[in-house]
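Report on one structure; see the data block that follows.
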Amino acid sequence: MTTTESTRYSPAQRRLHWLMFVLVAVAYLAIETRGCFERGSLARTLAVQGHFWTGLAVLALVLPRIWLRLRRGAPPITPALPAWQAWPARLLHLALYAFLLVQPVLGLMTAWTDGKQVMVPFTQAVLPPLMAPDPDLAHRLEDLHGTLGSLFYWVIGLHVAAALYHHLLRRDDTLVRMR
């Protein structure tokens with residue numbers, strides 16, 4: 001491994017990071033804009049389906065991303081972080097990965113318990129429901145999914161703020177490692 005490679009995330013890790021950034025942004029955009037369209041309209045259906053599809057893509061990519069992170073680790077930050085900053089950084093990354101895993105699973109559970117079919121994007125295939133319809137459970141899961149989605153805004157915001165802190169104030173190589 002060259003010095004440059006050892007100071008940056010692997011190309012696969014960088015690609016997955018930025019791809020998942022785009023997917024999460026599209027998922028939020030789709031679900032936040034659905035209210036702009038009338039119920040039953042094609043535009044609203046496409047917004048909701050876009051939210052489902054990007055959630056499925058996040059779910060499909062999060063396990064390889066976690067596997068790569070466990071296998072490859074993270075390159076060290078230069079200069080090294082003091083312990084009082086390293087632990088919160090680890091917790092924030094753990095929270096990011098937890099949200100990336102839990103939110104799509106909750107979304108699927110909500111759809112299934114609401115009796116909705118989840119189509120595999122760009123196919124006619126339907127994911128088999130792993131849960132029976134249960135309107136009460138669907139409502140509780142939808143509330144939880146929405147609440148966690150709102151909390152995820154804060155976690156993402158903290159992640160971005162920390163990256164800017166590292167780059168602009170601390171002037172370390174945190175952002176360079178993911179570029």
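Letters A, B, ... go to the chains of the structure tokens in the order shown; residues in each chain start at 1; ligands are counted from 1 in the same order.
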Given only C-alpha atoms, how would the per-residue table for stretch 83-106 of chain A near stretch 10-25 of chain A read, listing every residue at most 12 Å away with its closest atom pair and distance in Å to one decimal, sorted by chain and number, as CSV?
residue,atom,partner,partner_atom,distance
A:His93,CA,A:His17,CA,11.9
A:Leu96,CA,A:Phe21,CA,11.1
A:Tyr97,CA,A:Met20,CA,10.9
A:Phe99,CA,A:Val24,CA,10.6
A:Leu100,CA,A:Val24,CA,8.6
A:Leu101,CA,A:Met20,CA,11.6
A:Gln103,CA,A:Val24,CA,10.4
A:Pro104,CA,A:Val24,CA,10.4
Mind the document's chain letters and residue numbers, and return as a PyMOL selection string the residues of stretch 1-176 of chain A that DSSP labels strand (DSSP E). chain A and resi 118-119+126-127
Limited to N, CA, C and O atoms, could you put the picked residues into a file as a JSON list (two decimals), in the first residue's frame?
[["chain", "number", "residue", "atom", "x", "y", "z"],
["A", 118, "VAL", "N", -43.88, -3.67, -2.45],
["A", 118, "VAL", "CA", -42.62, -2.97, -2.69],
["A", 118, "VAL", "C", -42.00, -3.58, -3.94],
["A", 118, "VAL", "O", -41.60, -4.74, -3.95],
["A", 119, "MET", "N", -41.97, -2.76, -4.99],
["A", 119, "MET", "CA", -41.42, -3.21, -6.26],
["A", 119, "MET", "C", -39.91, -3.06, -6.26],
["A", 119, "MET", "O", -39.38, -2.08, -5.74],
["A", 126, "VAL", "N", -41.84, -7.98, -7.30],
["A", 126, "VAL", "CA", -42.31, -7.47, -6.02],
["A", 126, "VAL", "C", -41.55, -8.21, -4.92],
["A", 126, "VAL", "O", -41.43, -9.43, -4.96],
["A", 127, "LEU", "N", -41.03, -7.44, -3.95],
["A", 127, "LEU", "CA", -40.39, -8.10, -2.81],
["A", 127, "LEU", "C", -41.45, -8.85, -2.02],
["A", 127, "LEU", "O", -42.52, -8.29, -1.73]]
Using only C-alpha atoms for the distances, tell me which of A:Leu92, A:Glu142, A:Ala60, A:Leu68 is nearest to A:Ala161. A:Leu92
Mind checking DSSP for stretch 28-165 of chain A and telling me the helix (DSSP H, G or I) residues as a ChimeraX atom specification? /A:28-36,42-72,83-113,135-165
Could you please take those selected residues and save C-alpha atoms as a CSV table (one decimal), in the first residue's frame?
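Listing of out-v1.csv after writing:
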chain,number,residue,atom,x,y,z
A,28,TYR,CA,-35.3,12.9,1.8
A,29,LEU,CA,-36.1,15.0,-1.3
A,30,ALA,CA,-38.6,12.5,-2.5
A,31,ILE,CA,-40.5,12.1,0.8
A,32,GLU,CA,-40.4,15.8,1.6
A,33,THR,CA,-41.8,16.8,-1.8
A,34,ARG,CA,-44.6,14.2,-2.0
A,35,GLY,CA,-46.9,16.6,-0.1
A,36,CYS,CA,-46.6,19.1,-3.0
A,42,LEU,CA,-48.7,10.2,-10.7
A,43,ALA,CA,-46.2,12.7,-9.4
A,44,ARG,CA,-47.0,11.8,-5.8
A,45,THR,CA,-46.8,8.1,-6.6
A,46,LEU,CA,-43.4,8.7,-8.2
A,47,ALA,CA,-42.1,10.6,-5.2
A,48,VAL,CA,-43.2,7.8,-2.8
A,49,GLN,CA,-41.7,5.1,-5.1
A,50,GLY,CA,-38.5,7.2,-5.4
A,51,HIS,CA,-38.3,7.2,-1.6
A,52,PHE,CA,-38.9,3.4,-1.5
A,53,TRP,CA,-36.3,2.7,-4.3
A,54,THR,CA,-33.6,4.9,-2.8
A,55,GLY,CA,-34.2,3.3,0.6
A,56,LEU,CA,-33.8,-0.1,-1.0
A,57,ALA,CA,-30.6,1.0,-2.7
A,58,VAL,CA,-29.3,2.3,0.7
A,59,LEU,CA,-30.2,-1.1,2.3
A,60,ALA,CA,-28.4,-3.0,-0.5
A,61,LEU,CA,-25.3,-0.9,-0.1
A,62,VAL,CA,-25.0,-0.5,3.6
A,63,LEU,CA,-23.9,-4.0,4.4
A,64,PRO,CA,-21.0,-3.9,1.8
A,65,ARG,CA,-20.1,-0.5,3.2
A,66,ILE,CA,-20.0,-1.8,6.8
A,67,TRP,CA,-18.0,-4.8,5.6
A,68,LEU,CA,-15.4,-2.6,3.9
A,69,ARG,CA,-15.2,-0.4,6.9
A,70,LEU,CA,-14.6,-3.4,9.2
A,71,ARG,CA,-12.1,-4.9,6.7
A,72,ARG,CA,-10.2,-1.8,5.7
A,83,ALA,CA,-9.2,11.2,22.9
A,84,TRP,CA,-12.0,13.7,23.8
A,85,GLN,CA,-12.7,14.2,20.1
A,86,ALA,CA,-12.0,10.6,18.9
A,87,TRP,CA,-14.7,9.0,21.0
A,88,PRO,CA,-17.5,11.3,19.9
A,89,ALA,CA,-16.3,10.8,16.3
A,90,ARG,CA,-16.6,7.0,16.6
A,91,LEU,CA,-20.1,7.3,18.2
A,92,LEU,CA,-21.2,9.6,15.4
A,93,HIS,CA,-20.0,7.2,12.7
A,94,LEU,CA,-21.7,4.3,14.6
A,95,ALA,CA,-25.0,6.4,14.6
A,96,LEU,CA,-24.7,7.1,10.9
A,97,TYR,CA,-24.3,3.4,10.1
A,98,ALA,CA,-27.1,2.5,12.4
A,99,PHE,CA,-29.5,4.9,10.7
A,100,LEU,CA,-28.4,3.7,7.3
A,101,LEU,CA,-29.3,0.2,8.3
A,102,VAL,CA,-32.4,0.7,10.5
A,103,GLN,CA,-34.2,3.3,8.4
A,104,PRO,CA,-34.6,1.2,5.3
A,105,VAL,CA,-35.6,-1.9,7.3
A,106,LEU,CA,-38.2,0.2,9.2
A,107,GLY,CA,-39.5,1.5,5.8
A,108,LEU,CA,-39.9,-2.0,4.5
A,109,MET,CA,-41.6,-3.1,7.7
A,110,THR,CA,-44.0,-0.1,7.4
A,111,ALA,CA,-44.8,-0.9,3.8
A,112,TRP,CA,-45.4,-4.6,4.4
A,113,THR,CA,-47.6,-4.1,7.5
A,135,PRO,CA,-52.7,-1.3,10.3
A,136,ASP,CA,-52.0,-0.5,13.9
A,137,LEU,CA,-48.4,-1.8,13.7
A,138,ALA,CA,-48.0,0.0,10.3
A,139,HIS,CA,-49.0,3.3,11.9
A,140,ARG,CA,-46.6,2.9,14.8
A,141,LEU,CA,-43.8,1.8,12.5
A,142,GLU,CA,-44.5,4.8,10.2
A,143,ASP,CA,-44.3,7.2,13.2
A,144,LEU,CA,-41.1,5.6,14.3
A,145,HIS,CA,-39.6,5.8,10.8
A,146,GLY,CA,-40.6,9.5,10.6
A,147,THR,CA,-39.2,10.3,14.0
A,148,LEU,CA,-35.9,8.6,13.3
A,149,GLY,CA,-35.9,10.3,9.9
A,150,SER,CA,-36.1,13.7,11.7
A,151,LEU,CA,-33.3,12.6,14.1
A,152,PHE,CA,-31.2,11.5,11.1
A,153,TYR,CA,-31.2,15.1,9.9
A,154,TRP,CA,-29.4,16.1,13.1
A,155,VAL,CA,-26.9,13.2,12.8
A,156,ILE,CA,-26.1,14.1,9.2
A,157,GLY,CA,-25.9,17.8,10.2
A,158,LEU,CA,-23.4,16.9,13.0
A,159,HIS,CA,-21.4,14.8,10.5
A,160,VAL,CA,-21.2,17.7,8.1
A,161,ALA,CA,-20.4,20.3,10.9
A,162,ALA,CA,-17.6,18.0,12.2
A,163,ALA,CA,-16.2,17.7,8.7
A,164,LEU,CA,-16.2,21.5,8.3
A,165,TYR,CA,-14.7,21.9,11.8
So how far away is atom CA of A:His166 from atom CA of A:Pro75, in Å?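 Atom CA of A:Pro75 sits 14.8 Å away from atom CA of A:His166.
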Please indicate the distance in Å from atom CA of A:Thr7 to atom CA of A:Leu169, rounded to one decimal place.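 Pair atom CA of A:Thr7 / atom CA of A:Leu169 returns 20.0 Å.
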Can you measure atom CA of A:Asp172 to atom CA of A:Thr78 for me? One decimal in Å is fine.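 Interatomic distance, atom CA of A:Asp172 to atom CA of A:Thr78: 5.7 Å.
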